[in-house]
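coords.pdb (PDB, C-alpha atoms, pLDDT in the B column)
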ATOM      1  CA  MET N   1     104.656  12.805 -69.460  1.00 54.00           C
ATOM      2  CA  LYS N   2     107.712  14.150 -67.646  1.00 63.00           C
ATOM      3  CA  SER N   3     109.410  12.075 -65.015  1.00 67.00           C
ATOM      4  CA  PRO N   4     109.569  13.656 -61.562  1.00 72.00           C
ATOM      5  CA  SER N   5     112.699  15.610 -60.846  1.00 88.00           C
ATOM      6  CA  ARG N   6     115.360  14.264 -58.583  1.00 87.00           C
ATOM      7  CA  SER N   7     114.487  16.631 -55.732  1.00 89.00           C
ATOM      8  CA  LYS N   8     110.805  15.633 -55.874  1.00 90.00           C
ATOM      9  CA  ARG N   9     111.723  11.947 -55.753  1.00 91.00           C
ATOM     10  CA  LEU N  10     114.055  12.609 -52.833  1.00 92.00           C
ATOM     11  CA  ALA N  11     111.357  14.556 -50.979  1.00 93.00           C
ATOM     12  CA  ALA N  12     108.823  11.777 -51.575  1.00 93.00           C
ATOM     13  CA  THR N  13     111.287   9.133 -50.371  1.00 95.00           C
ATOM     14  CA  LEU N  14     112.191  11.096 -47.240  1.00 95.00           C
ATOM     15  CA  SER N  15     108.510  11.702 -46.479  1.00 96.00           C
ATOM     16  CA  ALA N  16     107.764   7.995 -46.803  1.00 95.00           C
ATOM     17  CA  VAL N  17     110.680   7.036 -44.541  1.00 95.00           C
ATOM     18  CA  LEU N  18     109.698   9.639 -41.944  1.00 94.00           C
ATOM     19  CA  GLY N  19     106.098   8.430 -41.998  1.00 93.00           C
ATOM     20  CA  LEU N  20     107.219   4.840 -41.520  1.00 91.00           C
ATOM     21  CA  LEU N  21     109.436   5.820 -38.589  1.00 87.00           C
ATOM     22  CA  LEU N  22     106.613   7.777 -36.949  1.00 87.00           C
ATOM     23  CA  VAL N  23     104.282   4.799 -37.260  1.00 86.00           C
ATOM     24  CA  ALA N  24     106.876   2.314 -35.966  1.00 80.00           C
ATOM     25  CA  ALA N  25     108.268   4.432 -33.107  1.00 76.00           C
ATOM     26  CA  PRO N  26     105.667   3.618 -30.407  1.00 72.00           C
ATOM     27  CA  ALA N  27     106.087  -0.119 -30.891  1.00 70.00           C
ATOM     28  CA  ALA N  28     109.877   0.095 -31.003  1.00 69.00           C
ATOM     29  CA  LEU N  29     110.480   2.352 -28.009  1.00 67.00           C
ATOM     30  CA  ALA N  30     107.850   1.299 -25.463  1.00 67.00           C
ATOM     31  CA  GLU N  31     106.708  -1.865 -23.801  1.00 72.00           C
ATOM     32  CA  ASN N  32     103.787  -1.834 -21.364  1.00 72.00           C
ATOM     33  CA  GLY N  33     104.078   1.938 -20.877  1.00 66.00           C
ATOM     34  CA  VAL N  34     107.794   1.823 -20.046  1.00 75.00           C
ATOM     35  CA  GLY N  35     109.881   3.756 -22.559  1.00 70.00           C
ATOM     36  CA  LEU N  36     113.552   4.680 -22.712  1.00 71.00           C
ATOM     37  CA  ALA N  37     113.298   6.985 -19.673  1.00 75.00           C
ATOM     38  CA  GLY N  38     111.476   4.485 -17.472  1.00 78.00           C
ATOM     39  CA  PRO N  39     107.812   4.441 -16.488  1.00 80.00           C
ATOM     40  CA  THR N  40     105.845   7.535 -17.409  1.00 80.00           C
ATOM     41  CA  THR N  41     104.482   9.311 -14.359  1.00 86.00           C
ATOM     42  CA  ASP N  42     102.751  12.652 -13.890  1.00 92.00           C
ATOM     43  CA  LYS N  43     105.945  14.066 -12.411  1.00 92.00           C
ATOM     44  CA  THR N  44     107.994  12.997 -15.441  1.00 88.00           C
ATOM     45  CA  VAL N  45     105.513  14.527 -17.873  1.00 90.00           C
ATOM     46  CA  THR N  46     105.311  17.756 -15.847  1.00 96.00           C
ATOM     47  CA  PHE N  47     109.078  18.220 -15.725  1.00 95.00           C
ATOM     48  CA  PHE N  48     109.413  17.399 -19.417  1.00 93.00           C
ATOM     49  CA  CYS N  49     106.786  20.015 -20.286  1.00 96.00           C
ATOM     50  CA  PHE N  50     108.517  22.584 -18.063  1.00 98.00           C
ATOM     51  CA  GLY N  51     111.722  21.815 -19.947  1.00 97.00           C
ATOM     52  CA  VAL N  52     109.990  22.350 -23.300  1.00 97.00           C
ATOM     53  CA  MET N  53     108.542  25.667 -22.095  1.00 98.00           C
ATOM     54  CA  GLY N  54     111.933  26.737 -20.753  1.00 98.00           C
ATOM     55  CA  PHE N  55     113.608  25.870 -24.051  1.00 98.00           C
ATOM     56  CA  PHE N  56     111.204  28.008 -26.050  1.00 98.00           C
ATOM     57  CA  VAL N  57     111.466  30.922 -23.616  1.00 98.00           C
ATOM     58  CA  ALA N  58     115.257  30.776 -23.859  1.00 98.00           C
ATOM     59  CA  LEU N  59     115.037  30.490 -27.648  1.00 98.00           C
ATOM     60  CA  VAL N  60     112.813  33.570 -27.944  1.00 98.00           C
ATOM     61  CA  VAL N  61     114.975  35.615 -25.565  1.00 98.00           C
ATOM     62  CA  GLY N  62     118.180  34.575 -27.316  1.00 98.00           C
ATOM     63  CA  LEU N  63     116.862  35.306 -30.795  1.00 98.00           C
ATOM     64  CA  THR N  64     115.502  38.669 -29.599  1.00 98.00           C
ATOM     65  CA  VAL N  65     118.911  39.652 -28.243  1.00 98.00           C
ATOM     66  CA  ILE N  66     120.564  38.634 -31.515  1.00 97.00           C
ATOM     67  CA  GLN N  67     118.016  40.577 -33.554  1.00 97.00           C
ATOM     68  CA  SER N  68     118.420  43.724 -31.439  1.00 97.00           C
ATOM     69  CA  LYS N  69     122.205  43.622 -31.833  1.00 97.00           C
ATOM     70  CA  LEU N  70     121.862  43.194 -35.585  1.00 97.00           C
ATOM     71  CA  GLU N  71     119.382  46.094 -35.742  1.00 97.00           C
ATOM     72  CA  LYS N  72     121.789  48.350 -33.825  1.00 97.00           C
ATOM     73  CA  ARG N  73     124.600  47.341 -36.192  1.00 96.00           C
ATOM     74  CA  LYS N  74     122.403  48.095 -39.214  1.00 96.00           C
ATOM     75  CA  ASP N  75     121.458  51.513 -37.776  1.00 96.00           C
ATOM     76  CA  ARG N  76     125.133  52.350 -37.151  1.00 96.00           C
ATOM     77  CA  ARG N  77     126.083  51.392 -40.719  1.00 95.00           C
ATOM     78  CA  ARG N  78     123.198  53.419 -42.126  1.00 95.00           C
ATOM     79  CA  ALA N  79     124.210  56.449 -40.054  1.00 94.00           C
ATOM     80  CA  ASP N  80     127.830  56.072 -41.162  1.00 94.00           C
ATOM     81  CA  LEU N  81     126.803  55.881 -44.822  1.00 93.00           C
ATOM     82  CA  GLU N  82     124.630  58.992 -44.468  1.00 93.00           C
ATOM     83  CA  ARG N  83     127.414  60.849 -42.676  1.00 92.00           C
ATOM     84  CA  LEU N  84     130.053  59.934 -45.263  1.00 90.00           C
ATOM     85  CA  SER N  85     127.980  60.507 -48.389  1.00 81.00           C
TER
END

Kindly return the structure encoded in the file as structure tokens.
Amino acid sequence: MKSPSRSKRLAATLSAVLGLLLVAAPAALAENGVGLAGPTTDKTVTFFCFGVMGFFVALVVGLTVIQSKLEKRKDRRRADLERLS
């Protein structure tokens, strides 16, 4: 039987460490409902969720702008190649 490759062992080790951290995080970062940012209230959760939504909106808009610029550049290069050949 072959021994697992180095990358598979590394992936298994990283998965195990990540799983352990995910299991241990609630106990390490919270005590009686008070985490690193103070007590969790409805206002805190609402503003955090608005921040997450805003991040993803900005991410989509930014990536769309980048993609459109790259498409325009590709079209210009294609037109130049057709014109010169």

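For the pair atom CA of N:Phe55 and atom CA of N:Lys69, the interatomic distance is 21.2 Å.
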
What does the distance between atom CA of N:Ser5 and atom CA of N:Val17 come to in Å, to one decimal place? 18.5 Å

Quick check, in Å to one decimal: how far apart do atom CA of N:Gly38 and atom CA of N:Ala24 lie? 19.2 Å

Mind working out the centre and edge lengths of an axis-aligned box for stretch 40-47 of chain N, all listed atoms inside, 6 Å added to each side, rounded to one decimal in Å and written as lines of an AutoDock Vina configuration file?
center_x = 105.9
center_y = 12.9
center_z = -15.1
size_x = 18.3
size_y = 22.7
size_z = 17.5

Could I get stretch 49-65 of chain N from the block written out with all heavy atoms, as an mmCIF file, in the first residue's frame?
data_model
loop_
_atom_site.group_PDB
_atom_site.id
_atom_site.type_symbol
_atom_site.label_atom_id
_atom_site.label_comp_id
_atom_site.auth_asym_id
_atom_site.auth_seq_id
_atom_site.Cartn_x
_atom_site.Cartn_y
_atom_site.Cartn_z
ATOM 1 N N CYS N 49 -24.202 42.717 10.392
ATOM 2 C CA CYS N 49 -24.786 42.146 9.170
ATOM 3 C C CYS N 49 -24.842 43.180 8.048
ATOM 4 O O CYS N 49 -24.630 42.835 6.880
ATOM 5 C CB CYS N 49 -26.167 41.569 9.461
ATOM 6 S SG CYS N 49 -26.086 40.101 10.504
ATOM 7 N N PHE N 50 -25.140 44.430 8.376
ATOM 8 C CA PHE N 50 -25.092 45.482 7.350
ATOM 9 C C PHE N 50 -23.672 45.626 6.801
ATOM 10 O O PHE N 50 -23.478 45.848 5.606
ATOM 11 C CB PHE N 50 -25.571 46.824 7.905
ATOM 12 C CG PHE N 50 -27.065 46.952 7.995
ATOM 13 C CD1 PHE N 50 -27.639 47.691 9.016
ATOM 14 C CD2 PHE N 50 -27.891 46.351 7.065
ATOM 15 C CE1 PHE N 50 -29.008 47.819 9.102
ATOM 16 C CE2 PHE N 50 -29.265 46.475 7.145
ATOM 17 C CZ PHE N 50 -29.825 47.203 8.171
ATOM 18 N N GLY N 51 -22.688 45.509 7.664
ATOM 19 C CA GLY N 51 -21.299 45.574 7.217
ATOM 20 C C GLY N 51 -20.952 44.425 6.289
ATOM 21 O O GLY N 51 -20.272 44.616 5.274
ATOM 22 N N VAL N 52 -21.425 43.218 6.608
ATOM 23 C CA VAL N 52 -21.172 42.061 5.744
ATOM 24 C C VAL N 52 -21.832 42.269 4.388
ATOM 25 O O VAL N 52 -21.223 42.026 3.336
ATOM 26 C CB VAL N 52 -21.675 40.756 6.411
ATOM 27 C CG1 VAL N 52 -21.661 39.601 5.435
ATOM 28 C CG2 VAL N 52 -20.837 40.439 7.633
ATOM 29 N N MET N 53 -23.081 42.745 4.395
ATOM 30 C CA MET N 53 -23.780 42.997 3.123
ATOM 31 C C MET N 53 -23.059 44.074 2.318
ATOM 32 O O MET N 53 -22.884 43.948 1.105
ATOM 33 C CB MET N 53 -25.231 43.412 3.380
ATOM 34 C CG MET N 53 -26.095 42.284 3.862
ATOM 35 S SD MET N 53 -27.856 42.674 3.955
ATOM 36 C CE MET N 53 -27.896 44.042 5.072
ATOM 37 N N GLY N 54 -22.627 45.137 2.983
ATOM 38 C CA GLY N 54 -21.904 46.199 2.302
ATOM 39 C C GLY N 54 -20.599 45.713 1.710
ATOM 40 O O GLY N 54 -20.225 46.094 0.593
ATOM 41 N N PHE N 55 -19.893 44.850 2.425
ATOM 42 C CA PHE N 55 -18.642 44.290 1.913
ATOM 43 C C PHE N 55 -18.887 43.520 0.620
ATOM 44 O O PHE N 55 -18.163 43.688 -0.356
ATOM 45 C CB PHE N 55 -17.991 43.375 2.951
ATOM 46 C CG PHE N 55 -16.880 42.538 2.392
ATOM 47 C CD1 PHE N 55 -15.649 43.103 2.116
ATOM 48 C CD2 PHE N 55 -17.074 41.193 2.124
ATOM 49 C CE1 PHE N 55 -14.614 42.334 1.591
ATOM 50 C CE2 PHE N 55 -16.057 40.413 1.603
ATOM 51 C CZ PHE N 55 -14.824 40.988 1.332
ATOM 52 N N PHE N 56 -19.906 42.666 0.609
ATOM 53 C CA PHE N 56 -20.143 41.861 -0.577
ATOM 54 C C PHE N 56 -20.652 42.695 -1.743
ATOM 55 O O PHE N 56 -20.318 42.414 -2.903
ATOM 56 C CB PHE N 56 -21.076 40.689 -0.275
ATOM 57 C CG PHE N 56 -20.362 39.570 0.431
ATOM 58 C CD1 PHE N 56 -20.613 39.296 1.757
ATOM 59 C CD2 PHE N 56 -19.421 38.811 -0.229
ATOM 60 C CE1 PHE N 56 -19.949 38.278 2.413
ATOM 61 C CE2 PHE N 56 -18.741 37.791 0.406
ATOM 62 C CZ PHE N 56 -19.008 37.523 1.730
ATOM 63 N N VAL N 57 -21.437 43.733 -1.466
ATOM 64 C CA VAL N 57 -21.856 44.634 -2.543
ATOM 65 C C VAL N 57 -20.635 45.329 -3.138
ATOM 66 O O VAL N 57 -20.474 45.397 -4.362
ATOM 67 C CB VAL N 57 -22.890 45.663 -2.028
ATOM 68 C CG1 VAL N 57 -23.097 46.787 -3.028
ATOM 69 C CG2 VAL N 57 -24.206 44.971 -1.724
ATOM 70 N N ALA N 58 -19.760 45.837 -2.287
ATOM 71 C CA ALA N 58 -18.556 46.507 -2.768
ATOM 72 C C ALA N 58 -17.651 45.531 -3.519
ATOM 73 O O ALA N 58 -17.052 45.890 -4.537
ATOM 74 C CB ALA N 58 -17.797 47.133 -1.594
ATOM 75 N N LEU N 59 -17.566 44.301 -3.049
ATOM 76 C CA LEU N 59 -16.757 43.291 -3.723
ATOM 77 C C LEU N 59 -17.287 43.009 -5.124
ATOM 78 O O LEU N 59 -16.520 42.986 -6.095
ATOM 79 C CB LEU N 59 -16.735 41.999 -2.901
ATOM 80 C CG LEU N 59 -15.948 40.834 -3.484
ATOM 81 C CD1 LEU N 59 -14.457 41.146 -3.450
ATOM 82 C CD2 LEU N 59 -16.249 39.568 -2.714
ATOM 83 N N VAL N 60 -18.598 42.824 -5.246
ATOM 84 C CA VAL N 60 -19.194 42.544 -6.556
ATOM 85 C C VAL N 60 -19.012 43.724 -7.498
ATOM 86 O O VAL N 60 -18.637 43.550 -8.666
ATOM 87 C CB VAL N 60 -20.687 42.175 -6.401
ATOM 88 C CG1 VAL N 60 -21.391 42.157 -7.740
ATOM 89 C CG2 VAL N 60 -20.826 40.836 -5.710
ATOM 90 N N VAL N 61 -19.250 44.933 -7.014
ATOM 91 C CA VAL N 61 -19.096 46.121 -7.863
ATOM 92 C C VAL N 61 -17.641 46.273 -8.292
ATOM 93 O O VAL N 61 -17.344 46.512 -9.475
ATOM 94 C CB VAL N 61 -19.599 47.380 -7.127
ATOM 95 C CG1 VAL N 61 -19.209 48.645 -7.871
ATOM 96 C CG2 VAL N 61 -21.110 47.321 -6.955
ATOM 97 N N GLY N 62 -16.718 46.120 -7.363
ATOM 98 C CA GLY N 62 -15.305 46.255 -7.697
ATOM 99 C C GLY N 62 -14.832 45.210 -8.695
ATOM 100 O O GLY N 62 -14.146 45.526 -9.666
ATOM 101 N N LEU N 63 -15.222 43.962 -8.491
ATOM 102 C CA LEU N 63 -14.817 42.917 -9.427
ATOM 103 C C LEU N 63 -15.468 43.099 -10.792
ATOM 104 O O LEU N 63 -14.861 42.782 -11.817
ATOM 105 C CB LEU N 63 -15.143 41.541 -8.848
ATOM 106 C CG LEU N 63 -14.313 41.128 -7.632
ATOM 107 C CD1 LEU N 63 -14.794 39.796 -7.082
ATOM 108 C CD2 LEU N 63 -12.842 41.073 -7.950
ATOM 109 N N THR N 64 -16.697 43.633 -10.826
ATOM 110 C CA THR N 64 -17.360 43.906 -12.101
ATOM 111 C C THR N 64 -16.630 44.994 -12.877
ATOM 112 O O THR N 64 -16.441 44.888 -14.096
ATOM 113 C CB THR N 64 -18.825 44.310 -11.870
ATOM 114 O OG1 THR N 64 -19.487 43.247 -11.168
ATOM 115 C CG2 THR N 64 -19.537 44.578 -13.168
ATOM 116 N N VAL N 65 -16.203 46.026 -12.182
ATOM 117 C CA VAL N 65 -15.455 47.109 -12.836
ATOM 118 C C VAL N 65 -14.139 46.570 -13.396
ATOM 119 O O VAL N 65 -13.763 46.865 -14.537
ATOM 120 C CB VAL N 65 -15.206 48.269 -11.840
ATOM 121 C CG1 VAL N 65 -14.190 49.252 -12.376
ATOM 122 C CG2 VAL N 65 -16.514 48.962 -11.509
#
